[in-house]
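Q: run.pdb (PDB, C-alpha atoms) pasted underneath:
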```
ATOM      1  CA  MET A 910      30.229  59.184  59.576
ATOM      2  CA  ALA A 911      27.727  61.893  58.688
ATOM      3  CA  ASP A 912      24.961  59.333  58.591
ATOM      4  CA  GLU A 913      25.477  58.712  62.261
ATOM      5  CA  SER A 914      25.866  62.360  63.118
ATOM      6  CA  LEU A 915      22.697  63.055  61.151
ATOM      7  CA  PHE A 916      20.748  60.996  63.648
ATOM      8  CA  ASP A 917      22.676  62.406  66.616
ATOM      9  CA  PHE A 918      22.104  65.998  65.559
ATOM     10  CA  LEU A 919      18.439  65.408  64.825
ATOM     11  CA  HIS A 920      18.005  63.721  68.188
ATOM     12  CA  MET A 921      19.571  66.732  69.947
ATOM     13  CA  GLU A 922      17.242  69.092  68.099
ATOM     14  CA  ILE A 923      14.183  67.127  69.087
ATOM     15  CA  VAL A 924      15.117  66.958  72.718
ATOM     16  CA  SER A 925      15.699  70.677  72.770
ATOM     17  CA  HIS A 926      12.481  71.406  70.848
ATOM     18  CA  ILE A 927      10.317  69.330  73.150
ATOM     19  CA  TYR A 928      11.779  70.825  76.303
ATOM     20  CA  LYS A 929      11.436  74.336  74.927
ATOM     21  CA  GLU A 930       7.815  73.870  73.903
ATOM     22  CA  GLN A 931       6.930  72.456  77.309
ATOM     23  CA  GLN A 932       8.682  75.271  79.127
ATOM     24  CA  SER A 933       7.213  77.985  76.895
ATOM     25  CA  GLY A 934       6.836  81.120  78.963
ATOM     26  CA  LYS A 935       7.577  79.585  82.335
ATOM     27  CA  GLU A 936      10.690  80.501  84.256
ATOM     28  CA  GLU A 937      11.416  76.980  85.356
ATOM     29  CA  MET A 938      10.031  73.557  84.633
ATOM     30  CA  ASP A 939       8.592  71.533  87.458
ATOM     31  CA  ASN A 940       8.691  67.768  87.749
ATOM     32  CA  LYS A 941       5.362  67.408  85.981
ATOM     33  CA  ASP A 942       6.642  69.328  82.944
ATOM     34  CA  ARG A 943       9.727  67.180  82.863
ATOM     35  CA  ALA A 944       7.631  64.046  83.032
ATOM     36  CA  VAL A 945       5.606  65.229  80.028
ATOM     37  CA  CYS A 946       8.786  65.762  77.984
ATOM     38  CA  VAL A 947      10.166  62.381  78.909
ATOM     39  CA  SER A 948       6.902  60.755  77.995
ATOM     40  CA  VAL A 949       6.697  62.482  74.591
ATOM     41  CA  LEU A 950      10.270  61.458  73.761
ATOM     42  CA  GLU A 951       9.709  57.961  75.055
ATOM     43  CA  SER A 952       6.687  57.399  72.845
ATOM     44  CA  MET A 953       8.507  58.721  69.794
ATOM     45  CA  GLY A 954      11.258  56.225  70.565
ATOM     46  CA  PHE A 955       8.708  53.475  71.038
ATOM     47  CA  ARG A 956       7.345  53.864  67.521
ATOM     48  CA  VAL A 957      10.832  54.152  66.032
ATOM     49  CA  GLY A 958      11.896  51.000  67.885
ATOM     50  CA  GLN A 959       8.884  49.136  66.541
ATOM     51  CA  GLY A 960       9.709  50.154  62.991
ATOM     52  CA  LEU A 961      13.366  49.267  63.284
ATOM     53  CA  ILE A 962      12.927  45.826  64.798
ATOM     54  CA  GLU A 963      10.418  44.930  62.134
ATOM     55  CA  ARG A 964      13.032  45.489  59.461
ATOM     56  CA  LEU A 965      15.843  43.895  61.397
ATOM     57  CA  THR A 966      14.066  40.665  62.155
ATOM     58  CA  ARG A 967      12.587  40.203  58.706
ATOM     59  CA  ASP A 968      15.037  37.423  57.897
ATOM     60  CA  SER A 969      15.743  36.214  61.412
ATOM     61  CA  PRO A 970      14.620  32.846  62.683
ATOM     62  CA  SER A 971      12.202  33.006  65.591
ATOM     63  CA  PHE A 972      13.534  33.220  69.112
ATOM     64  CA  LYS A 973      13.408  30.330  71.471
ATOM     65  CA  ASP A 974      12.849  32.237  74.717
ATOM     66  CA  GLU A 975      12.963  35.582  76.477
ATOM     67  CA  LEU A 976      16.721  35.448  77.054
ATOM     68  CA  ASP A 977      17.230  34.729  73.375
ATOM     69  CA  VAL A 978      15.260  37.875  72.517
ATOM     70  CA  MET A 979      17.312  39.929  74.967
ATOM     71  CA  LYS A 980      20.556  38.639  73.484
ATOM     72  CA  PHE A 981      19.403  39.649  70.027
ATOM     73  CA  VAL A 982      18.582  43.133  71.290
ATOM     74  CA  CYS A 983      21.980  43.445  72.998
ATOM     75  CA  LYS A 984      23.922  42.327  69.943
ATOM     76  CA  ASP A 985      22.267  42.865  66.576
ATOM     77  CA  PHE A 986      19.781  45.556  67.480
ATOM     78  CA  TRP A 987      22.182  47.564  69.639
ATOM     79  CA  THR A 988      24.866  47.452  66.945
ATOM     80  CA  LYS A 989      22.509  48.773  64.296
ATOM     81  CA  VAL A 990      21.002  51.485  66.432
ATOM     82  CA  PHE A 991      23.716  52.496  68.873
ATOM     83  CA  ARG A 992      26.753  51.397  66.832
ATOM     84  CA  ARG A 993      28.166  48.901  69.309
ATOM     85  CA  GLN A 994      27.162  45.873  71.321
ATOM     86  CA  VAL A 995      26.007  46.099  74.896
ATOM     87  CA  ASP A 996      29.065  45.513  77.119
ATOM     88  CA  ASN A 997      27.313  43.534  79.768
ATOM     89  CA  LEU A 998      23.951  41.819  80.156
ATOM     90  CA  ARG A 999      22.791  40.607  83.524
ATOM     91  CA  THR A1000      19.535  39.039  84.590
ATOM     92  CA  ASN A1001      17.904  37.673  87.717
ATOM     93  CA  HIS A1002      16.173  35.059  85.532
ATOM     94  CA  GLN A1003      12.844  36.436  86.711
ATOM     95  CA  GLY A1004      12.244  38.959  83.983
ATOM     96  CA  THR A1005      14.643  41.715  85.045
ATOM     97  CA  TYR A1006      17.562  42.523  82.797
ATOM     98  CA  VAL A1007      20.341  45.075  83.143
ATOM     99  CA  LEU A1008      22.051  46.136  79.925
ATOM    100  CA  GLN A1009      25.239  48.068  80.447
ATOM    101  CA  ASP A1010      26.767  50.143  77.670
ATOM    102  CA  ASN A1011      30.046  51.749  78.740
ATOM    103  CA  THR A1012      30.188  54.170  75.821
ATOM    104  CA  PHE A1013      26.605  54.953  75.007
ATOM    105  CA  SER A1014      26.514  56.668  71.645
ATOM    106  CA  LEU A1015      23.983  59.377  72.507
ATOM    107  CA  LEU A1016      25.986  60.457  75.544
ATOM    108  CA  THR A1017      29.501  60.508  74.098
ATOM    109  CA  GLN A1018      28.873  63.852  72.402
ATOM    110  CA  LEU A1019      27.577  65.293  75.609
ATOM    111  CA  SER A1020      30.112  64.764  78.322
ATOM    112  CA  ASN A1021      32.804  62.572  79.678
ATOM    113  CA  GLY A1022      32.559  62.328  83.443
ATOM    114  CA  LYS A1023      30.236  63.716  86.031
ATOM    115  CA  GLN A1024      29.669  67.174  84.662
ATOM    116  CA  TYR A1025      26.186  67.657  83.166
ATOM    117  CA  LEU A1026      25.060  64.464  84.836
ATOM    118  CA  ASP A1027      21.747  66.142  85.632
ATOM    119  CA  GLN A1028      21.154  66.609  81.889
ATOM    120  CA  ALA A1029      21.512  62.925  81.059
ATOM    121  CA  PRO A1030      17.874  61.825  81.549
ATOM    122  CA  LYS A1031      16.760  64.145  78.725
ATOM    123  CA  TYR A1032      18.948  62.262  76.313
ATOM    124  CA  LEU A1033      17.931  58.794  77.407
ATOM    125  CA  ALA A1034      14.144  58.929  77.225
ATOM    126  CA  PHE A1035      14.061  58.411  73.468
ATOM    127  CA  SER A1036      16.436  55.440  73.718
ATOM    128  CA  CYS A1037      14.397  53.816  76.477
ATOM    129  CA  GLY A1038      11.439  54.095  74.141
ATOM    130  CA  ILE A1039      13.371  52.510  71.284
ATOM    131  CA  VAL A1040      14.229  49.505  73.426
ATOM    132  CA  ARG A1041      10.680  49.175  74.726
ATOM    133  CA  GLY A1042       9.271  49.445  71.189
ATOM    134  CA  ALA A1043      11.620  46.774  69.875
ATOM    135  CA  LEU A1044      10.804  44.390  72.723
ATOM    136  CA  SER A1045       7.110  45.047  72.308
ATOM    137  CA  ASN A1046       7.193  43.960  68.677
ATOM    138  CA  LEU A1047       9.088  40.856  69.727
ATOM    139  CA  GLY A1048       6.233  39.995  72.047
ATOM    140  CA  LEU A1049       7.608  41.300  75.337
ATOM    141  CA  ASP A1050       5.756  43.996  77.253
ATOM    142  CA  SER A1051       8.289  45.781  79.402
ATOM    143  CA  VAL A1052       9.217  48.813  81.449
ATOM    144  CA  VAL A1053      12.559  50.294  80.426
ATOM    145  CA  THR A1054      14.473  52.821  82.504
ATOM    146  CA  ALA A1055      17.999  54.155  82.254
ATOM    147  CA  GLU A1056      20.534  55.206  84.830
ATOM    148  CA  VAL A1057      23.831  57.011  84.472
ATOM    149  CA  SER A1058      26.450  57.381  87.153
ATOM    150  CA  VAL A1059      29.414  58.495  85.048
ATOM    151  CA  MET A1060      28.984  59.578  81.438
ATOM    152  CA  PRO A1061      29.129  58.226  78.791
ATOM    153  CA  SER A1062      28.384  54.939  80.509
ATOM    154  CA  CYS A1063      24.757  53.949  80.870
ATOM    155  CA  LYS A1064      22.703  51.140  82.415
ATOM    156  CA  PHE A1065      19.313  50.218  80.996
ATOM    157  CA  GLN A1066      17.000  48.241  83.181
ATOM    158  CA  VAL A1067      14.341  46.180  81.466
ATOM    159  CA  VAL A1068      11.568  44.682  83.537
ATOM    160  CA  VAL A1069       9.451  42.307  81.494
ATOM    161  CA  GLN A1070       5.780  42.461  82.450
ATOM    162  CA  LYS A1071       4.257  39.052  82.898
ATOM    163  CA  LEU A1072       0.728  38.768  81.630
TER     164      LEU A1072
ATOM    165  CA  MET B 822      20.563  49.631  56.832
ATOM    166  CA  ALA B 823      18.954  50.272  60.198
ATOM    167  CA  ASP B 824      21.188  53.278  60.663
ATOM    168  CA  GLU B 825      19.483  54.889  57.736
ATOM    169  CA  SER B 826      16.015  53.821  58.751
ATOM    170  CA  LEU B 827      16.762  55.157  62.223
ATOM    171  CA  PHE B 828      17.010  58.639  60.781
ATOM    172  CA  ASP B 829      14.023  58.102  58.471
ATOM    173  CA  PHE B 830      11.788  56.874  61.262
ATOM    174  CA  LEU B 831      12.858  59.643  63.597
ATOM    175  CA  HIS B 832      12.222  62.213  60.891
ATOM    176  CA  MET B 833       8.685  60.852  60.363
ATOM    177  CA  GLU B 834       7.996  61.015  64.081
ATOM    178  CA  ILE B 835       9.109  64.602  64.297
ATOM    179  CA  VAL B 836       7.047  65.729  61.370
ATOM    180  CA  SER B 837       3.991  64.075  62.839
ATOM    181  CA  HIS B 838       4.689  65.461  66.327
ATOM    182  CA  ILE B 839       5.086  69.015  65.130
ATOM    183  CA  TYR B 840       1.954  68.937  63.003
ATOM    184  CA  LYS B 841      -0.038  67.386  65.845
ATOM    185  CA  GLU B 842       1.100  69.927  68.391
ATOM    186  CA  GLN B 843       0.244  72.794  66.072
ATOM    187  CA  GLN B 844      -3.174  71.388  65.313
ATOM    188  CA  SER B 845      -3.966  70.569  68.961
ATOM    189  CA  GLY B 846      -7.707  70.839  69.422
ATOM    190  CA  LYS B 847      -8.501  72.470  66.086
ATOM    191  CA  GLU B 848     -10.501  70.653  63.462
ATOM    192  CA  GLU B 849      -8.357  71.779  60.593
ATOM    193  CA  MET B 850      -5.118  73.616  60.171
ATOM    194  CA  ASP B 851      -5.125  76.850  58.238
ATOM    195  CA  ASN B 852      -2.277  78.132  56.120
ATOM    196  CA  LYS B 853      -0.782  80.029  59.033
ATOM    197  CA  ASP B 854      -0.589  76.880  61.135
ATOM    198  CA  ARG B 855       1.048  75.048  58.279
ATOM    199  CA  ALA B 856       3.560  77.835  57.867
ATOM    200  CA  VAL B 857       4.486  77.574  61.551
ATOM    201  CA  CYS B 858       5.121  73.829  61.216
ATOM    202  CA  VAL B 859       7.236  74.280  58.127
ATOM    203  CA  SER B 860       9.229  76.979  59.834
ATOM    204  CA  VAL B 861       9.866  74.885  62.966
ATOM    205  CA  LEU B 862      11.032  71.942  60.858
ATOM    206  CA  GLU B 863      13.099  74.176  58.636
ATOM    207  CA  SER B 864      14.987  75.689  61.536
ATOM    208  CA  MET B 865      15.667  72.281  63.049
ATOM    209  CA  GLY B 866      17.101  71.266  59.702
ATOM    210  CA  PHE B 867      19.134  74.450  59.533
ATOM    211  CA  ARG B 868      20.970  73.667  62.758
ATOM    212  CA  VAL B 869      21.479  70.033  61.774
ATOM    213  CA  GLY B 870      22.881  71.134  58.404
ATOM    214  CA  GLN B 871      25.289  73.502  60.109
ATOM    215  CA  GLY B 872      26.547  70.741  62.376
ATOM    216  CA  LEU B 873      26.931  68.230  59.567
ATOM    217  CA  ILE B 874      28.810  70.454  57.162
ATOM    218  CA  GLU B 875      31.225  71.443  59.879
ATOM    219  CA  ARG B 876      32.259  67.827  60.300
ATOM    220  CA  LEU B 877      32.265  67.058  56.607
ATOM    221  CA  THR B 878      34.492  69.931  55.573
ATOM    222  CA  ARG B 879      36.962  69.550  58.416
ATOM    223  CA  ASP B 880      39.589  68.108  56.098
ATOM    224  CA  SER B 881      38.434  69.665  52.835
ATOM    225  CA  PRO B 882      40.437  72.304  51.034
ATOM    226  CA  SER B 883      38.688  75.644  50.719
ATOM    227  CA  PHE B 884      36.357  76.259  47.819
ATOM    228  CA  LYS B 885      37.286  78.497  44.945
ATOM    229  CA  ASP B 886      33.847  79.935  44.183
ATOM    230  CA  GLU B 887      30.108  79.606  44.665
ATOM    231  CA  LEU B 888      29.720  76.920  41.999
ATOM    232  CA  ASP B 889      32.460  74.922  43.655
ATOM    233  CA  VAL B 890      30.534  75.040  46.939
ATOM    234  CA  MET B 891      27.342  73.955  45.195
ATOM    235  CA  LYS B 892      29.117  71.023  43.554
ATOM    236  CA  PHE B 893      30.414  69.899  46.923
ATOM    237  CA  VAL B 894      26.892  70.056  48.345
ATOM    238  CA  CYS B 895      25.496  68.064  45.409
ATOM    239  CA  LYS B 896      28.120  65.350  45.637
ATOM    240  CA  ASP B 897      29.766  64.830  49.010
ATOM    241  CA  PHE B 898      27.167  66.409  51.239
ATOM    242  CA  TRP B 899      24.169  64.869  49.466
ATOM    243  CA  THR B 900      25.751  61.425  49.525
ATOM    244  CA  LYS B 901      26.362  61.561  53.253
ATOM    245  CA  VAL B 902      22.976  62.963  54.149
ATOM    246  CA  PHE B 903      20.603  61.652  51.504
ATOM    247  CA  ARG B 904      22.578  58.540  50.453
ATOM    248  CA  ARG B 905      23.033  59.444  46.790
ATOM    249  CA  GLN B 906      24.317  62.259  44.604
ATOM    250  CA  VAL B 907      22.065  64.898  43.134
ATOM    251  CA  ASP B 908      21.087  63.747  39.640
ATOM    252  CA  ASN B 909      21.190  67.103  38.013
ATOM    253  CA  LEU B 910      22.481  70.551  38.918
ATOM    254  CA  ARG B 911      21.493  73.577  36.875
ATOM    255  CA  THR B 912      22.257  77.231  37.364
ATOM    256  CA  ASN B 913      21.541  80.548  35.663
ATOM    257  CA  HIS B 914      25.022  81.723  36.781
ATOM    258  CA  GLN B 915      23.335  84.514  38.703
ATOM    259  CA  GLY B 916      22.958  82.822  42.031
ATOM    260  CA  THR B 917      20.030  80.523  41.313
ATOM    261  CA  TYR B 918      20.577  76.773  41.388
ATOM    262  CA  VAL B 919      18.215  73.897  40.792
ATOM    263  CA  LEU B 920      19.199  70.564  42.330
ATOM    264  CA  GLN B 921      17.227  67.630  41.082
ATOM    265  CA  ASP B 922      17.128  64.334  42.952
ATOM    266  CA  ASN B 923      15.076  61.715  41.136
ATOM    267  CA  THR B 924      14.862  59.355  44.097
ATOM    268  CA  PHE B 925      14.846  61.577  47.127
ATOM    269  CA  SER B 926      15.493  59.400  50.173
ATOM    270  CA  LEU B 927      12.904  60.979  52.458
ATOM    271  CA  LEU B 928      10.149  60.529  49.886
ATOM    272  CA  THR B 929      10.838  56.961  48.755
ATOM    273  CA  GLN B 930       9.173  55.540  51.872
ATOM    274  CA  LEU B 931       6.172  57.720  51.309
ATOM    275  CA  SER B 932       4.902  57.177  47.836
ATOM    276  CA  ASN B 933       5.724  56.425  44.283
ATOM    277  CA  GLY B 934       3.664  58.531  41.938
ATOM    278  CA  LYS B 935       1.130  61.274  42.357
ATOM    279  CA  GLN B 936      -0.830  59.916  45.286
ATOM    280  CA  TYR B 937      -0.195  61.779  48.557
ATOM    281  CA  LEU B 938       1.439  64.581  46.583
ATOM    282  CA  ASP B 939      -0.248  67.090  48.871
ATOM    283  CA  GLN B 940       1.622  65.562  51.817
ATOM    284  CA  ALA B 941       5.061  66.062  50.294
ATOM    285  CA  PRO B 942       5.801  69.591  51.593
ATOM    286  CA  LYS B 943       5.652  68.333  55.202
ATOM    287  CA  TYR B 944       8.503  65.979  54.492
ATOM    288  CA  LEU B 945      10.684  68.465  52.685
ATOM    289  CA  ALA B 946      10.853  71.379  55.123
ATOM    290  CA  PHE B 947      13.497  69.741  57.276
ATOM    291  CA  SER B 948      15.632  68.935  54.225
ATOM    292  CA  CYS B 949      15.392  72.484  52.887
ATOM    293  CA  GLY B 950      16.683  73.596  56.261
ATOM    294  CA  ILE B 951      19.569  71.134  56.129
ATOM    295  CA  VAL B 952      20.676  72.512  52.762
ATOM    296  CA  ARG B 953      20.314  76.125  53.892
ATOM    297  CA  GLY B 954      22.268  75.398  57.095
ATOM    298  CA  ALA B 955      25.093  73.730  55.203
ATOM    299  CA  LEU B 956      25.352  76.585  52.709
ATOM    300  CA  SER B 957      25.222  79.125  55.480
ATOM    301  CA  ASN B 958      28.245  77.607  57.191
ATOM    302  CA  LEU B 959      30.050  77.635  53.859
ATOM    303  CA  GLY B 960      29.474  81.367  53.653
ATOM    304  CA  LEU B 961      26.417  81.467  51.407
ATOM    305  CA  ASP B 962      23.190  83.029  52.636
ATOM    306  CA  SER B 963      20.365  81.467  50.677
ATOM    307  CA  VAL B 964      16.680  80.749  50.332
ATOM    308  CA  VAL B 965      15.958  77.082  49.730
ATOM    309  CA  THR B 966      12.623  75.750  48.538
ATOM    310  CA  ALA B 967      11.538  72.358  47.275
ATOM    311  CA  GLU B 968       9.069  71.249  44.672
ATOM    312  CA  VAL B 969       7.684  67.832  43.825
ATOM    313  CA  SER B 970       5.709  66.949  40.754
ATOM    314  CA  VAL B 971       5.936  63.157  40.892
ATOM    315  CA  MET B 972       7.231  61.354  43.956
ATOM    316  CA  PRO B 973       9.884  60.367  44.874
ATOM    317  CA  SER B 974      11.543  62.895  42.593
ATOM    318  CA  CYS B 975      12.262  66.313  44.035
ATOM    319  CA  LYS B 976      13.689  69.639  42.878
ATOM    320  CA  PHE B 977      15.388  71.964  45.318
ATOM    321  CA  GLN B 978      15.775  75.565  44.323
ATOM    322  CA  VAL B 979      18.574  77.512  45.971
ATOM    323  CA  VAL B 980      18.669  81.268  45.555
ATOM    324  CA  VAL B 981      21.878  82.723  46.927
ATOM    325  CA  GLN B 982      21.333  86.086  48.584
ATOM    326  CA  LYS B 983      23.891  88.657  47.528
ATOM    327  CA  LEU B 984      25.018  90.979  50.286
TER     328      LEU B 984
END
```
Could you spell out this file's structure in structure tokens?
A:
Amino acid sequence: MADESLFDFLHMEIVSHIYKEQQSGKEEMDNKDRAVCVSVLESMGFRVGQGLIERLTRDSPSFKDELDVMKFVCKDFWTKVFRRQVDNLRTNHQGTYVLQDNTFSLLTQLSNGKQYLDQAPKYLAFSCGIVRGALSNLGLDSVVTAEVSVMPSCKFQVVVQKL
Amino acid sequence: MADESLFDFLHMEIVSHIYKEQQSGKEEMDNKDRAVCVSVLESMGFRVGQGLIERLTRDSPSFKDELDVMKFVCKDFWTKVFRRQVDNLRTNHQGTYVLQDNTFSLLTQLSNGKQYLDQAPKYLAFSCGIVRGALSNLGLDSVVTAEVSVMPSCKFQVVVQKL
């Protein structure tokens, strides 16, 4: 229990620290400031995701294709990091994947419904980075974005970049 | 497993982020810069510690005295946060406590021995804050410092402030 909340609390602190340091002095943040925060959080997540997947796949057999990698991320990786499996994985079979988590762990503490919806992106940047970092170490370059319409449900879109 | 590493990796990222942002541009950090970093990390830890202890003690009976609180921190709290009990607790019965952890979880990844000893304080500030935050919510104002002579063993000194 506390192990999980340890991460959740630390994550909250970091988000708040990074937004505060970017805002320092200014009355309001503009879009550029917000983009900087998201990018800092995303790259932290990226490196954490890389580290985690390295440990997790130490004893795994290799993956046979892209979809196989995505399935691993939705099941094993998601369970370890976000404490549950992804509820739904969809793909257009052309490198775009939508991962839907109906009870996303980093949002459950925050709100249940539409209130504070505008705050959600803050709390998703790090997670997008984690997913991108994990995929990167599994050999897939990708762009990961997240979208929330009702908390705590969340859709991650992964677009694999073809070389 | 990954749940734990999740916290460890995130903690590493934060330490590195905060030191980088403080150093920005300068060739070397002076003692004042280092003190700022330690203080930022310590206050993050403080708030995390407050949050954690609130959850952990929700169903606990109240404590009969200061030593009782300290024992709870060394056993239950330490196990949840740092994955093991404190190895040794000593006190002068005048408000000073020394908590010794011979395999401190946030140092085990770092080094085993005397190499990198100068880097240890970076990785202890957050933990000192966690302990101070927990004690504060249990009604004890304190000063918490940490000392390492050989990694990954660590001694935390808690000095309870009498009102």
Q: Could you state which residues are captured by the ChimeraX specification (/B :<10) & /A in this file, as a ChimeraX atom specification?
A: /A:910-923,925-927,930,949-950,952-954,956-962,964-965,986,988-992
Q: Can you translate the PyMOL selection byres ((chain A and resi 1057) around 10) into the concrete residues it hits in this file, as a list in words?
A: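 With the shown file as input, the PyMOL selection byres ((chain A and resi 1057) around 10) matches Gln1009, Asn1011, Leu1016, Lys1023, Leu1026, Asp1027, Ala1029, Pro1030, Leu1033, Ala1055, Glu1056, Ser1058, Val1059, Met1060, Pro1061, Ser1062, Cys1063, Lys1064 and Phe1065 of chain A.
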Q: For the atom pair CA of Asp968 (chain A) and CA of Gln906 (chain B), what is the interatomic distance in Å to one decimal place?
A: 29.7 Å
Q: Could you tell me, as number ranges by chain, exactly which residues end up selected when the PyMOL selection byres ((chain A and resi 995) around 7) is applied to this structure?
A: A: 983-984, 987, 993-994, 996-997, 1008-1010
Q: For Arg1041 (chain A), which residue out of A:Val1007, A:Glu951, A:Asp985, A:Ser969 is the nearest one, using all atoms listed in the file?
A: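 Checking each of A:Val1007, A:Glu951, A:Asp985, A:Ser969 against Arg1041 (chain A), counting all atoms listed in the file, the winner is A:Glu951.
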Q: Quick check, in Å to one decimal: how far apart do CA of Met850 (chain B) and CA of Tyr937 (chain B) lie?
A: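 Pair CA of Met850 (chain B) / CA of Tyr937 (chain B) returns 17.3 Å.
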Q: If you measure from CA of Leu910 (chain B) to CA of Gly960 (chain B), what distance in Å do you get, rounded to one decimal?
A: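 Separation of CA of Leu910 (chain B) and CA of Gly960 (chain B): 19.6 Å.
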Q: Return the single residue from A:Phe955, A:Tyr1032, A:Phe1013, A:Phe972 that is closest to Asp1050 (chain A), with distances computed using all atoms listed in the file.
A: A:Phe955
Q: Box for region 915-924 of chain A: with edges along x, y and z, all listed atoms inside and 4 Å added on each side, what are the centre and edge lengths in Å to one decimal, as JSON?
A:
```
{"center_x": 18.4, "center_y": 65.0, "center_z": 66.9, "size_x": 16.5, "size_y": 16.1, "size_z": 19.6}
```
Q: Ranking A:Leu1072, A:Lys935, A:Gln1066, A:Arg967 by minimum distance to Asn1001 (chain A) and counting all atoms listed in the file, which one comes first?
A: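 Closest to Asn1001 (chain A), using all atoms listed in the file: A:Gln1066.
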Q: Just checking: using all atoms listed in the file, which residue out of A:Val1067, A:Thr1017, A:Val947, A:Thr1012 ends up closest to Ser1045 (chain A)?
A: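 Once distances to Ser1045 (chain A) are computed over all atoms listed in the file, the minimum belongs to A:Val1067.
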Q: Could you check the closest approach to Asp854 (chain B) for each of B:Lys841, B:Arg911, B:Lys885, B:Lys892 and tell me which residue wins, using only C-alpha atoms?
A: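 Of the candidates, the smallest distance to Asp854 (chain B) is held by B:Lys841.
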Q: Taking all heavy atoms as the atom set, what does region 845-850 of chain B look like once completed, written as a tab-separated table (two decimals), keeping the file's coordinate frame?
A:
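Printed below is rebuild.tsv as written:
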```tsv
chain	number	residue	atom	x	y	z
B	845	SER	N	-3.30	70.96	67.70
B	845	SER	CA	-3.97	70.57	68.96
B	845	SER	C	-5.34	71.20	69.16
B	845	SER	O	-5.47	72.40	69.36
B	845	SER	CB	-3.06	70.89	70.15
B	845	SER	OG	-2.94	72.30	70.27
B	846	GLY	N	-6.36	70.36	69.14
B	846	GLY	CA	-7.71	70.84	69.42
B	846	GLY	C	-8.47	71.28	68.19
B	846	GLY	O	-9.64	70.99	68.05
B	847	LYS	N	-7.78	71.95	67.25
B	847	LYS	CA	-8.50	72.47	66.09
B	847	LYS	C	-8.94	71.35	65.15
B	847	LYS	O	-8.31	70.32	65.06
B	847	LYS	CB	-7.60	73.43	65.29
B	847	LYS	CG	-7.22	74.65	66.08
B	847	LYS	CD	-6.26	75.52	65.27
B	847	LYS	CE	-5.12	76.01	66.14
B	847	LYS	NZ	-4.02	76.59	65.39
B	848	GLU	N	-10.02	71.63	64.42
B	848	GLU	CA	-10.50	70.65	63.46
B	848	GLU	C	-9.57	70.57	62.26
B	848	GLU	O	-9.18	69.51	61.82
B	848	GLU	CB	-11.89	71.07	62.96
B	848	GLU	CG	-13.01	70.89	63.95
B	848	GLU	CD	-13.84	69.66	63.63
B	848	GLU	OE1	-14.14	69.46	62.45
B	848	GLU	OE2	-14.18	68.90	64.57
B	849	GLU	N	-9.23	71.76	61.77
B	849	GLU	CA	-8.36	71.78	60.59
B	849	GLU	C	-7.29	72.83	60.75
B	849	GLU	O	-7.49	73.84	61.42
B	849	GLU	CB	-9.19	72.10	59.34
B	849	GLU	CG	-9.77	70.87	58.71
B	849	GLU	CD	-9.96	71.04	57.21
B	849	GLU	OE1	-9.27	71.89	56.59
B	849	GLU	OE2	-10.80	70.32	56.66
B	850	MET	N	-6.17	72.62	60.11
B	850	MET	CA	-5.12	73.62	60.17
B	850	MET	C	-5.33	74.62	59.04
B	850	MET	O	-5.71	74.25	57.94
B	850	MET	CB	-3.77	72.95	59.96
B	850	MET	CG	-3.41	71.98	61.06
B	850	MET	SD	-1.86	71.17	60.67
B	850	MET	CE	-0.72	72.38	61.30
```
